[in-house]
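Novice: My questions will all concern the structure given below.
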Amino acid sequence: MQIFTGMPDPWTFEFSDTLPEIWPPSPPIAIGGSPPDLFVLARNGDTTRRFDLCYMSEDYRCEPKAIVWRGWFVFGLGGRAILWRDSATHAIDLGCYFGEFHPGDDWLLVTSGQGIVRLAPDGRIVWRNDELGLDGVLIFDVEGDVIDGQGEWDPPGGWEDFLVSLETGEALEELPDDEDQDA
């Protein structure tokens, strides 16, 4: 069982391959079919929600993660990001294994083994860039309109730096010049 706290919301998540008897009773929210491959208990104080998730047959079996962002419960599972809110579900094929979540006030960045997908508060894809790595993408910082990170192109250890526009998802050759911003 793994516990992951999604910030800034005070929800905690417990993951289990089998349904633990000690979990409080909560009606299941089934996502992706049946029988479930993964059970997730989300807690916020006395409020609990149980999610029953299924992997796709071709999914990578990497470590699942979850956060609550802008009212969405967001799961990184296999090669997908799955958003759930008020019975609405959006599944986003990442094209490669899920990496990490990087939430902002008005955006959620989801990394995969090859790129980044930027989501809007309504859950739609704003842009995606699948050309940032071959076997891993890391985001170190998001400042202004610039995403600073690395992609692994020559595993193991062949990491290359990248800069990407938060607005468009396009690769930048260099940081915007301070003099150009002041003009």
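Letters A, B, ... mark the chains of the structure tokens in the order given; residue numbers begin at 1 per chain; ligand numbers begin at 1, in order shown.
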Can you list every residue in range 4-174 of chain A that DSSP puts in strand (DSSP E or B), as an NGL selection string?

Specialist: :A and (4-5 or 12-16 or 28-31 or 38-44 or 47-53 or 65-69 or 72-77 or 80-85 or 88-93 or 98-103 or 108-112 or 116-119 or 125-129 or 137-143 or 146-154 or 158-165 or 171-172)

Novice: Going by DSSP on the backbone, which bits of chain A are alpha helix (DSSP H)? Write them as an MDAnalysis selection string, please.

Specialist: chainID A and resid 178:182

Novice: With N, CA and C atoms retained, could you export that selection as a PDB file, in the first residue's frame?

Specialist:
```
ATOM      1  N   ASP A 178      16.244  39.105 -21.181  1.00  0.00           N
ATOM      2  CA  ASP A 178      15.663  40.098 -20.288  1.00  0.00           C
ATOM      3  C   ASP A 178      15.508  41.445 -20.974  1.00  0.00           C
ATOM      4  N   GLU A 179      16.457  41.825 -21.837  1.00  0.00           N
ATOM      5  CA  GLU A 179      16.382  43.117 -22.533  1.00  0.00           C
ATOM      6  C   GLU A 179      15.186  43.140 -23.466  1.00  0.00           C
ATOM      7  N   ASP A 180      14.892  41.987 -24.136  1.00  0.00           N
ATOM      8  CA  ASP A 180      13.747  41.929 -25.042  1.00  0.00           C
ATOM      9  C   ASP A 180      12.431  42.077 -24.269  1.00  0.00           C
ATOM     10  N   GLN A 181      12.381  41.554 -23.030  1.00  0.00           N
ATOM     11  CA  GLN A 181      11.161  41.659 -22.233  1.00  0.00           C
ATOM     12  C   GLN A 181      10.936  43.063 -21.745  1.00  0.00           C
ATOM     13  N   ASP A 182      12.018  43.822 -21.506  1.00  0.00           N
ATOM     14  CA  ASP A 182      11.882  45.186 -20.994  1.00  0.00           C
ATOM     15  C   ASP A 182      11.508  46.180 -22.098  1.00  0.00           C
TER      16      ASP A 182
END
```

Novice: Quote the spacing between CA of Ser165 in chain A and CA of Ala81 in chain A in Å to one decimal place.

Specialist: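 CA of Ser165 in chain A sits 21.3 Å away from CA of Ala81 in chain A.
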
Novice: Pull the closest atom pair for each residue of range 58-125 of chain A that gets at most 12 Å from range 153-161 of chain A, along with the distance in Å to one decimal, counting only C-alpha atoms, ordering rows by chain and then ascending residue number, as a Markdown table.

Specialist:
```
| residue | atom | partner | partner_atom | distance |
| --- | --- | --- | --- | --- |
| A:Gly113 | CA | A:Trp153 | CA | 10.1 |
| A:Gln114 | CA | A:Trp153 | CA | 9.1 |
| A:Gly115 | CA | A:Trp153 | CA | 11.5 |
```

Novice: Tell me which protein, DNA and RNA residues are within 7 Å of range 21-28 of chain A, counting only C-alpha atoms, leaving out same-chain ones fewer than 5 positions away, and put them as number ranges by chain.

Specialist: A: 48-52

Novice: Store the residues of this selection in a file with all heavy atoms, as a PDB file, in the first residue's frame.

Specialist:
```pdb
ATOM      1  N   THR A  48     -14.448  10.201   2.259  1.00  0.00           N
ATOM      2  CA  THR A  48     -13.678   9.200   1.522  1.00  0.00           C
ATOM      3  C   THR A  48     -14.347   8.932   0.177  1.00  0.00           C
ATOM      4  O   THR A  48     -15.565   9.072   0.026  1.00  0.00           O
ATOM      5  CB  THR A  48     -13.570   7.859   2.282  1.00  0.00           C
ATOM      6  OG1 THR A  48     -14.872   7.318   2.467  1.00  0.00           O
ATOM      7  CG2 THR A  48     -12.866   8.041   3.607  1.00  0.00           C
ATOM      8  N   ARG A  49     -13.531   8.581  -0.784  1.00  0.00           N
ATOM      9  CA  ARG A  49     -13.994   8.122  -2.100  1.00  0.00           C
ATOM     10  C   ARG A  49     -13.130   6.937  -2.483  1.00  0.00           C
ATOM     11  O   ARG A  49     -11.915   6.979  -2.308  1.00  0.00           O
ATOM     12  CB  ARG A  49     -13.848   9.203  -3.155  1.00  0.00           C
ATOM     13  CG  ARG A  49     -14.667  10.405  -2.825  1.00  0.00           C
ATOM     14  CD  ARG A  49     -15.268  10.995  -4.017  1.00  0.00           C
ATOM     15  NE  ARG A  49     -16.170  12.029  -3.533  1.00  0.00           N
ATOM     16  CZ  ARG A  49     -16.596  13.009  -4.235  1.00  0.00           C
ATOM     17  NH1 ARG A  49     -16.221  13.125  -5.478  1.00  0.00           N
ATOM     18  NH2 ARG A  49     -17.415  13.888  -3.743  1.00  0.00           N
ATOM     19  N   ARG A  50     -13.769   5.907  -3.014  1.00  0.00           N
ATOM     20  CA  ARG A  50     -13.011   4.751  -3.470  1.00  0.00           C
ATOM     21  C   ARG A  50     -13.111   4.674  -4.985  1.00  0.00           C
ATOM     22  O   ARG A  50     -14.200   4.714  -5.546  1.00  0.00           O
ATOM     23  CB  ARG A  50     -13.554   3.463  -2.863  1.00  0.00           C
ATOM     24  CG  ARG A  50     -12.655   2.280  -3.179  1.00  0.00           C
ATOM     25  CD  ARG A  50     -13.206   1.001  -2.636  1.00  0.00           C
ATOM     26  NE  ARG A  50     -13.766   0.229  -3.732  1.00  0.00           N
ATOM     27  CZ  ARG A  50     -14.682  -0.703  -3.580  1.00  0.00           C
ATOM     28  NH1 ARG A  50     -15.203  -0.948  -2.401  1.00  0.00           N
ATOM     29  NH2 ARG A  50     -15.116  -1.370  -4.621  1.00  0.00           N
ATOM     30  N   PHE A  51     -11.972   4.566  -5.619  1.00  0.00           N
ATOM     31  CA  PHE A  51     -11.894   4.435  -7.069  1.00  0.00           C
ATOM     32  C   PHE A  51     -11.397   3.040  -7.410  1.00  0.00           C
ATOM     33  O   PHE A  51     -10.419   2.569  -6.825  1.00  0.00           O
ATOM     34  CB  PHE A  51     -10.950   5.489  -7.667  1.00  0.00           C
ATOM     35  CG  PHE A  51     -11.435   6.898  -7.478  1.00  0.00           C
ATOM     36  CD1 PHE A  51     -11.083   7.622  -6.346  1.00  0.00           C
ATOM     37  CD2 PHE A  51     -12.241   7.500  -8.427  1.00  0.00           C
ATOM     38  CE1 PHE A  51     -11.526   8.918  -6.163  1.00  0.00           C
ATOM     39  CE2 PHE A  51     -12.693   8.797  -8.250  1.00  0.00           C
ATOM     40  CZ  PHE A  51     -12.340   9.510  -7.114  1.00  0.00           C
ATOM     41  N   ASP A  52     -12.087   2.386  -8.319  1.00  0.00           N
ATOM     42  CA  ASP A  52     -11.672   1.084  -8.831  1.00  0.00           C
ATOM     43  C   ASP A  52     -11.187   1.307 -10.259  1.00  0.00           C
ATOM     44  O   ASP A  52     -11.984   1.648 -11.144  1.00  0.00           O
ATOM     45  CB  ASP A  52     -12.844   0.093  -8.830  1.00  0.00           C
ATOM     46  CG  ASP A  52     -13.325  -0.250  -7.425  1.00  0.00           C
ATOM     47  OD1 ASP A  52     -12.759   0.267  -6.444  1.00  0.00           O
ATOM     48  OD2 ASP A  52     -14.275  -1.049  -7.314  1.00  0.00           O
TER      49      ASP A  52
END
```

Novice: Which of these residues is nearest to Leu109 in chain A, using only C-alpha atoms: A:Trp84, A:Trp127, A:Tyr97, A:Phe39?

Specialist: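 Smallest distance to Leu109 in chain A is found for A:Trp127.
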
Novice: Give the answer as one residue: which of A:Phe101, A:Phe75, A:Phe162, A:Trp69 has the shortest atom-to-atom distance to Phe15 in chain A, using only C-alpha atoms?

Specialist: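 Among the listed residues, the smallest separation from Phe15 in chain A belongs to A:Phe75.
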
Novice: By how many Å are CA of Gly123 in chain A and CA of Glu152 in chain A apart?

Specialist: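 The value is 27.6 Å.
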
Novice: What's the 10 Å shell around Glu63 in chain A, counting only C-alpha atoms, without same-chain residues fewer than 5 positions away, as number ranges by chain?

Specialist: A: 2, 15, 76-78, 97-100

Novice: Looking at only C-alpha atoms, which of A:Arg61, A:Asp93, A:Gly33, A:Ala66 is the one that sits closest to Trp11 in chain A?

Specialist: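 Among A:Arg61, A:Asp93, A:Gly33, A:Ala66, it is A:Ala66 that comes nearest to Trp11 in chain A.
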